Amino acid sequence: MDIPAFADVTIERILPGGIGLAHAEGLTVFVSLAAPGDVLRVRIDRSRGNVLFASIVEILQPSPLRVEPPCPYFGVCGGCDFQQLKYESQLDAKVEIIRDCLRRIAKISDSTEIKIQAAPTEWHYRVRANWQIDPATRHFGYFEAGSHRVCDVEFCAVLTPALESTLESLRRQLRAEEISYLPKDVRAVVGQEGVSVGPAVGGFTTSEVSQTIAGETYWFNADSFFQINEGLLESLVKEALGDASGAMAVDLYCGVGLFTLPLARRFDSVSAIEVNHRATAFAKKNLENAGLTNAEVITSDVGHWLNEHTHWKNKDQLDFLLLDPPRTGAENVVIKGILNFQPQHISYVSCDPATLARDLKKLMANGYAIQSIKAFDMFPQTHHVETVVHLRQA
C-alpha cells in the first residue's frame with residue numbers, strides 16, 4: 001500500500017495519550033497537538049500497519065474548541081500538549097480519555113458517571129519539576145517531544161513563581177558557565193520554606209521543605225516524590241479516603257505519607273508500604289511530628305511485602321486498602337496480593353487511565369464492583385489526569 005506523504009483530515013476526538021484521531025483513505029491517522037473538529041493538512045511521519053502517525057502542517061479550519069497556545073515552546077517542548085484546547089475542552093477530553101480506557105480495556109459501560117474537578121488555576125500550578133541539561137550546549141529545560149534533545153527554555157508558564165525563579169537562576173548560571181558540575185537532570189520542589197533542589201547545584205541545596213494539606217504537615221525534599229498541584233491535594237485526599245474508617249487500613253506506595261497520616265486518624269492501625277527509603281524516612285518523620293503512633297511505615301517493594309504476608313494474621317481485619325502506584329500501575333504480584341487480602345473496600349488512586357483500567361479489570365473479575373469514579377485535573381495543559389476509584393466486594 002502506498003502511504004501518502006500528506007493528507008487532509010478532520011479530527012474526530014482525542015484518544016488516550018492526548019493524540020487526535022482522524023481517518024484518511026481507509027487508514028487511521030493519529031495527529032499530535034490537535035483539537036476535536038480541526039480540519040488539518042498533516043504530514044505523515046511514520047506508519048505502523050494501517051495506522052499513520054502525523055503532525056500538523058496547516059490548520060485549514062480551526063475547531064471551535066481550539067485556542068492559540070500561549071507558550072512559545074509549544075510543539076517543541078515535550079510537555080503541555082493540551083495548550084491548544086480551551087480549558088473546559090481539556091477537562092472534557094480527559095473524562096473521555098478515562099472513559100475510553102475503561103470501555104476498551106476494562107469493558108466498563110459508558111453509563112458509569114465520571115466527574116472531574118478542575119484545577120484552581122490553569123497556569124503556574126506546578127510545585128515540582130524535573131529539568132534536563134545538555135552538557136555540550138548547556139541547554140536547560142525539558143526534553144523535546146519524542147526525543148532526548150533538550151529544549152532550552154527561558155521560562156515555563158506552568159511553574160509556580162518560586163520554581164520559575166529557580167529555573168531562570170540555574171539557566172543564567174549555566175549560560176555564564178558559573179556552574180562547573182553538570183548533572184544530567186535537576187529535580188526541584190517548592191515548600192513553605194523555599195525550594196529544594198537535587199542534586200545541590202548553583203547555590204541551591206537539597207533542603208527539607210514542607211506543605212500543609214488539610215491540617216496535616218508533610219516534610220519532603222527534591223529526592224522524594226510529592227504531588228505537583230498543591231491546589232487540589234486537599235480534595236484528592238478527601239476523595240481517596242471517602243467515608244472510610246475502622247480497625248485496620250493498608251496504604252500501598254505510601255510515599256511520604258500523604259494518605260497515611262489522615263488514615264491513621266480514622267483507623268486503629270495502619271500499615272504503609274513504600275520501596276523508596278528516602279520517602280519512608282519522611283513518612284516516619286511526618287507521623288512522629290503529628291503524634292500518630294498507630295501507623296507503621298515499612299520500606300519494602302510492595303509486591304514483595306504482600307507476598308511475604310500471604311498468611312498475615314491481621315488480614316481478616318483489613319477494612320480498607322488504598323493504593324497509589326506509579327504510572328505503570330500495579331504489578332501482577334500486587335493485584336494478586338490484594339486479592340489474597342480481600343479488603344472490604346479498595347481505593348485506587350491513579351495517574352494513568354490505561355493502567356488503571358487494566359488493573360480494575362482484574363479486580364472486577366475477582367469479586368469487586370466499582371462504587372464511584374472521580375477525576376482531578378492535577379496537570380492542566382497536559383493530557384495527564386488523576387483518577388480515584390472506589391471498589392467494594394460485590
# chains A, B, ... in the order shown; residues from 1 in each chain; ligands from 1
call {"tool": "closest_atom_pairs", "arguments": {"of": "region 28-140 of chain A", "to": "region 218-242 of chain A", "cutoff": "10 Å", "atoms": "only C-alpha atoms", "output": "tab-separated table"}}
result
residue	atom	partner	partner_atom	distance
A:Gln117	CA	A:Leu232	CA	8.4
A:Ala118	CA	A:Leu232	CA	8.5
A:Ala119	CA	A:Leu232	CA	6.4
A:Pro120	CA	A:Gly231	CA	6.1
A:Thr121	CA	A:Gly231	CA	7.9
A:His124	CA	A:Asn229	CA	9.5
A:Tyr125	CA	A:Asn229	CA	5.7
A:Arg126	CA	A:Ile228	CA	5.2
A:Val127	CA	A:Ile228	CA	5.1
A:Arg128	CA	A:Ile228	CA	5.2
A:Ala129	CA	A:Ile228	CA	8.0
A:Asn130	CA	A:Ala222	CA	9.5
call {"tool": "residues_around", "arguments": {"residues": "Tyr87 (chain A)", "least_positions_apart": "2", "cutoff": "8 Å", "atoms": "only C-alpha atoms", "output": "ChimeraX atom specification"}}
result
/A:85,89-91,122,380-381
call {"tool": "write_last_selection", "arguments": {"atoms": "N, CA and C atoms", "output": "CSV table (one decimal), in the first residue's frame"}}
result
chain,number,residue,atom,x,y,z
A,85,LEU,N,-6.2,23.6,23.5
A,85,LEU,CA,-7.6,23.4,23.8
A,85,LEU,C,-8.0,24.4,24.9
A,89,SER,N,-12.6,22.3,27.4
A,89,SER,CA,-12.4,21.2,26.5
A,89,SER,C,-11.3,20.3,26.9
A,90,GLN,N,-10.3,20.8,27.6
A,90,GLN,CA,-9.3,19.9,28.2
A,90,GLN,C,-10.0,18.9,29.2
A,91,LEU,N,-10.8,19.5,30.1
A,91,LEU,CA,-11.5,18.7,31.1
A,91,LEU,C,-12.4,17.6,30.4
A,122,GLU,N,-5.2,27.4,36.1
A,122,GLU,CA,-4.8,26.7,34.9
A,122,GLU,C,-3.3,26.8,34.6
A,380,PRO,N,-3.1,20.6,34.5
A,380,PRO,CA,-3.6,21.4,33.4
A,380,PRO,C,-2.6,21.6,32.3
A,381,GLN,N,-3.2,21.8,31.1
A,381,GLN,CA,-2.4,22.0,29.8
A,381,GLN,C,-1.7,20.7,29.3
call {"tool": "closest_residue", "arguments": {"among": "A:Leu167, A:Ala157, A:Val385, A:Val51", "to": "Lys94 (chain A)", "atoms": "only C-alpha atoms"}}
result
A:Val385
call {"tool": "residues_around", "arguments": {"residues": "Lys115 (chain A)", "least_positions_apart": "4", "cutoff": "12 Å", "atoms": "only C-alpha atoms", "output": "list of chain:residue names"}}
result
A:Leu91, A:Asp92, A:Lys94, A:Val95, A:Glu96, A:Ile98, A:Arg99, A:Glu239, A:Ser372, A:Ile373, A:Lys374, A:Ala375, A:Phe376, A:Asp377, A:Glu386, A:Thr387, A:Val388, A:Val389
call {"tool": "select_by_dssp", "arguments": {"residues": "region 161-391 of chain A", "states": "strand (DSSP E or B)", "output": "PyMOL selection string"}}
result
chain A and resi 185-191+194-198+201+204+209-213+216-220+229+246-252+267-274+295-299+318-323+345-350+368-376+386-391
call {"tool": "residues_around", "arguments": {"residues": "Asp359 (chain A)", "least_positions_apart": "3", "cutoff": "8 Å", "atoms": "only C-alpha atoms", "output": "list of chain:residue names"}}
result
A:Gly329, A:Ala330, A:Ile335, A:Thr355, A:Leu356, A:Lys362, A:Leu363
call {"tool": "write_last_selection", "arguments": {"atoms": "N, CA and C atoms", "output": "mmCIF file, in the first residue's frame"}}
result
data_model
loop_
_atom_site.group_PDB
_atom_site.id
_atom_site.type_symbol
_atom_site.label_atom_id
_atom_site.label_comp_id
_atom_site.auth_asym_id
_atom_site.auth_seq_id
_atom_site.Cartn_x
_atom_site.Cartn_y
_atom_site.Cartn_z
ATOM 1 N N GLY A 329 1.233 1.491 36.944
ATOM 2 C CA GLY A 329 0.178 0.748 37.604
ATOM 3 C C GLY A 329 0.703 -0.299 38.573
ATOM 4 N N ALA A 330 -0.174 -1.156 39.026
ATOM 5 C CA ALA A 330 0.180 -2.193 39.990
ATOM 6 C C ALA A 330 0.643 -3.451 39.253
ATOM 7 N N ILE A 335 -1.589 -7.040 42.465
ATOM 8 C CA ILE A 335 -3.014 -7.348 42.342
ATOM 9 C C ILE A 335 -3.320 -8.694 42.995
ATOM 10 N N THR A 355 -3.421 2.018 32.583
ATOM 11 C CA THR A 355 -3.013 1.007 33.559
ATOM 12 C C THR A 355 -4.059 0.866 34.662
ATOM 13 N N LEU A 356 -4.768 1.958 34.961
ATOM 14 C CA LEU A 356 -5.881 1.868 35.908
ATOM 15 C C LEU A 356 -6.930 0.899 35.388
ATOM 16 N N LYS A 362 -8.918 -6.708 36.414
ATOM 17 C CA LYS A 362 -8.513 -7.865 37.223
ATOM 18 C C LYS A 362 -9.251 -7.885 38.552
ATOM 19 N N LEU A 363 -9.413 -6.733 39.180
ATOM 20 C CA LEU A 363 -10.110 -6.688 40.467
ATOM 21 C C LEU A 363 -11.590 -7.027 40.293
#
call {"tool": "select_by_dssp", "arguments": {"residues": "region 30-278 of chain A", "states": "alpha helix (DSSP H)", "output": "PyMOL selection string"}}
result
chain A and resi 87-104+161-175+233-241+260-264+277-278
call {"tool": "write_last_selection", "arguments": {"atoms": "C-alpha atoms", "output": "PDB file, in the first residue's frame"}}
result
ATOM      1  CA  TYR A  87      -9.711  24.693  29.427  1.00  0.00           C
ATOM      2  CA  GLU A  88     -13.250  23.276  29.582  1.00  0.00           C
ATOM      3  CA  SER A  89     -12.421  21.230  26.485  1.00  0.00           C
ATOM      4  CA  GLN A  90      -9.300  19.913  28.207  1.00  0.00           C
ATOM      5  CA  LEU A  91     -11.491  18.668  31.069  1.00  0.00           C
ATOM      6  CA  ASP A  92     -13.988  17.075  28.676  1.00  0.00           C
ATOM      7  CA  ALA A  93     -11.172  15.365  26.767  1.00  0.00           C
ATOM      8  CA  LYS A  94      -9.717  13.921  29.966  1.00  0.00           C
ATOM      9  CA  VAL A  95     -13.038  12.443  31.024  1.00  0.00           C
ATOM     10  CA  GLU A  96     -13.360  10.869  27.567  1.00  0.00           C
ATOM     11  CA  ILE A  97      -9.808   9.504  27.808  1.00  0.00           C
ATOM     12  CA  ILE A  98     -10.705   7.814  31.089  1.00  0.00           C
ATOM     13  CA  ARG A  99     -13.982   6.541  29.663  1.00  0.00           C
ATOM     14  CA  ASP A 100     -12.264   5.228  26.524  1.00  0.00           C
ATOM     15  CA  CYS A 101      -9.748   3.231  28.571  1.00  0.00           C
ATOM     16  CA  LEU A 102     -12.433   1.842  30.875  1.00  0.00           C
ATOM     17  CA  ARG A 103     -14.583   0.822  27.918  1.00  0.00           C
ATOM     18  CA  ARG A 104     -11.859  -0.756  25.764  1.00  0.00           C
ATOM     19  CA  PRO A 161       6.784  31.716  40.703  1.00  0.00           C
ATOM     20  CA  ALA A 162       9.340  30.181  43.084  1.00  0.00           C
ATOM     21  CA  LEU A 163      10.155  27.361  40.646  1.00  0.00           C
ATOM     22  CA  GLU A 164      10.220  29.769  37.710  1.00  0.00           C
ATOM     23  CA  SER A 165      12.768  31.899  39.571  1.00  0.00           C
ATOM     24  CA  THR A 166      14.850  28.776  40.245  1.00  0.00           C
ATOM     25  CA  LEU A 167      14.755  27.762  36.574  1.00  0.00           C
ATOM     26  CA  GLU A 168      15.844  31.232  35.477  1.00  0.00           C
ATOM     27  CA  SER A 169      18.668  31.339  38.029  1.00  0.00           C
ATOM     28  CA  LEU A 170      20.077  27.933  37.087  1.00  0.00           C
ATOM     29  CA  ARG A 171      19.784  28.660  33.378  1.00  0.00           C
ATOM     30  CA  ARG A 172      21.574  32.004  33.785  1.00  0.00           C
ATOM     31  CA  GLN A 173      24.419  30.376  35.715  1.00  0.00           C
ATOM     32  CA  LEU A 174      24.735  27.586  33.135  1.00  0.00           C
ATOM     33  CA  ARG A 175      24.908  30.077  30.261  1.00  0.00           C
ATOM     34  CA  LEU A 233      -4.440  17.946  47.191  1.00  0.00           C
ATOM     35  CA  GLU A 234      -6.983  18.507  49.944  1.00  0.00           C
ATOM     36  CA  SER A 235      -9.801  17.471  47.598  1.00  0.00           C
ATOM     37  CA  LEU A 236      -7.787  14.483  46.356  1.00  0.00           C
ATOM     38  CA  VAL A 237      -7.153  13.208  49.882  1.00  0.00           C
ATOM     39  CA  LYS A 238     -10.790  13.705  50.837  1.00  0.00           C
ATOM     40  CA  GLU A 239     -11.984  11.737  47.802  1.00  0.00           C
ATOM     41  CA  ALA A 240      -9.415   8.963  48.213  1.00  0.00           C
ATOM     42  CA  LEU A 241     -10.436   8.296  51.818  1.00  0.00           C
ATOM     43  CA  THR A 260      -1.042   7.618  55.686  1.00  0.00           C
ATOM     44  CA  LEU A 261      -1.498  10.480  58.150  1.00  0.00           C
ATOM     45  CA  PRO A 262      -5.247  11.001  57.599  1.00  0.00           C
ATOM     46  CA  LEU A 263      -5.739   7.223  57.546  1.00  0.00           C
ATOM     47  CA  ALA A 264      -4.061   6.990  60.950  1.00  0.00           C
ATOM     48  CA  HIS A 277      13.879   4.647  51.623  1.00  0.00           C
ATOM     49  CA  ARG A 278      14.072   8.457  51.379  1.00  0.00           C
TER      50      ARG A 278
END
call {"tool": "atom_distance", "arguments": {"atom1": "CA of Ala281 (chain A)", "atom2": "CA of Asp185 (chain A)"}}
result
23.5 Å
call {"tool": "closest_residue", "arguments": {"among": "A:Gln317, A:Ser47, A:Val186, A:His139", "to": "Glu154 (chain A)", "atoms": "only C-alpha atoms"}}
result
A:His139
call {"tool": "closest_residue", "arguments": {"among": "A:Ser300, A:Ser147, A:Thr205, A:Thr10", "to": "Gly78 (chain A)", "atoms": "only C-alpha atoms"}}
result
A:Ser147
call {"tool": "residues_around", "arguments": {"residues": "His383 (chain A)", "least_positions_apart": "3", "cutoff": "8 Å", "atoms": "only C-alpha atoms", "output": "list in words"}}
result
Pro16, Gly17, Gly18, Cys80, Asp81, Phe82, Gln90, Lys94, Phe379 and Pro380 of chain A
call {"tool": "closest_residue", "arguments": {"among": "A:Pro62, A:Gly202, A:Pro72, A:Gly255", "to": "Ile298 (chain A)", "atoms": "only C-alpha atoms"}}
result
A:Gly255
call {"tool": "atom_distance", "arguments": {"atom1": "CA of Arg43 (chain A)", "atom2": "CA of Gln61 (chain A)"}}
result
16.2 Å
call {"tool": "atom_distance", "arguments": {"atom1": "CA of Val158 (chain A)", "atom2": "CA of Ala214 (chain A)"}}
result
23.6 Å
call {"tool": "closest_residue", "arguments": {"among": "A:Val297, A:Leu258, A:Leu65, A:Leu27", "to": "Asn276 (chain A)", "atoms": "only C-alpha atoms"}}
result
A:Val297
call {"tool": "residues_around", "arguments": {"residues": "region 143-146 of chain A", "least_positions_apart": "6", "cutoff": "9 Å", "atoms": "only C-alpha atoms", "output": "list of chain:residue names"}}
result
A:Gly75, A:Val76, A:Cys77, A:Gly78, A:Gly79, A:Trp131, A:Gln132, A:Asp152
call {"tool": "closest_atom_pairs", "arguments": {"of": "region 292-340 of chain A", "to": "region 391-394 of chain A", "cutoff": "12 Å", "atoms": "only C-alpha atoms", "output": "Markdown table"}}
result
| residue | atom | partner | partner_atom | distance |
| --- | --- | --- | --- | --- |
| A:Asp319 | CA | A:Arg392 | CA | 10.3 |
| A:Phe320 | CA | A:Arg392 | CA | 9.5 |
| A:Leu321 | CA | A:Leu391 | CA | 9.9 |
| A:Leu322 | CA | A:Leu391 | CA | 10.4 |
| A:Leu323 | CA | A:Leu391 | CA | 11.8 |
| A:Leu339 | CA | A:Gln393 | CA | 10.5 |
call {"tool": "write_last_selection", "arguments": {"atoms": "N, CA and C atoms", "output": "mmCIF file, in the first residue's frame"}}
result
data_model
loop_
_atom_site.group_PDB
_atom_site.id
_atom_site.type_symbol
_atom_site.label_atom_id
_atom_site.label_comp_id
_atom_site.auth_asym_id
_atom_site.auth_seq_id
_atom_site.Cartn_x
_atom_site.Cartn_y
_atom_site.Cartn_z
ATOM 1 N N ASP A 319 -10.053 -3.549 56.769
ATOM 2 C CA ASP A 319 -11.262 -2.871 56.318
ATOM 3 C C ASP A 319 -11.044 -2.112 55.015
ATOM 4 N N PHE A 320 -9.844 -1.553 54.841
ATOM 5 C CA PHE A 320 -9.636 -0.579 53.779
ATOM 6 C C PHE A 320 -8.214 -0.695 53.238
ATOM 7 N N LEU A 321 -8.100 -0.719 51.912
ATOM 8 C CA LEU A 321 -6.784 -0.742 51.279
ATOM 9 C C LEU A 321 -6.731 0.359 50.226
ATOM 10 N N LEU A 322 -5.719 1.216 50.341
ATOM 11 C CA LEU A 322 -5.511 2.297 49.385
ATOM 12 C C LEU A 322 -4.221 2.039 48.629
ATOM 13 N N LEU A 323 -4.235 2.208 47.315
ATOM 14 C CA LEU A 323 -3.001 2.108 46.541
ATOM 15 C C LEU A 323 -2.888 3.297 45.598
ATOM 16 N N LEU A 339 -5.853 -9.277 46.194
ATOM 17 C CA LEU A 339 -6.954 -10.250 46.152
ATOM 18 C C LEU A 339 -6.830 -11.278 47.264
#
call {"tool": "residues_around", "arguments": {"residues": "Phe204 (chain A)", "least_positions_apart": "2", "cutoff": "10 Å", "atoms": "only C-alpha atoms", "output": "ChimeraX atom specification"}}
result
/A:166,169-170,188,195-202,206-207
call {"tool": "write_last_selection", "arguments": {"atoms": "C-alpha atoms", "output": "short mmCIF file (atom, residue, chain, number, x, y, z; two decimals), in the first residue's frame"}}
result
data_model
loop_
_atom_site.label_atom_id
_atom_site.label_comp_id
_atom_site.auth_asym_id
_atom_site.auth_seq_id
_atom_site.Cartn_x
_atom_site.Cartn_y
_atom_site.Cartn_z
CA THR A 166 14.85 28.78 40.25
CA SER A 169 18.67 31.34 38.03
CA LEU A 170 20.08 27.93 37.09
CA ALA A 188 13.21 20.83 42.22
CA VAL A 195 12.89 25.45 47.06
CA SER A 196 14.66 22.10 47.44
CA VAL A 197 16.93 21.14 44.54
CA GLY A 198 18.57 17.79 43.88
CA PRO A 199 21.39 17.38 43.30
CA ALA A 200 22.59 20.52 45.05
CA VAL A 201 23.74 22.88 42.30
CA GLY A 202 24.05 26.60 41.56
CA THR A 206 18.51 19.55 48.74
CA SER A 207 16.92 21.05 51.83
#
call {"tool": "closest_residue", "arguments": {"among": "A:Phe267, A:Phe6, A:Phe30, A:Trp123", "to": "Leu52 (chain A)", "atoms": "only C-alpha atoms"}}
result
A:Phe30
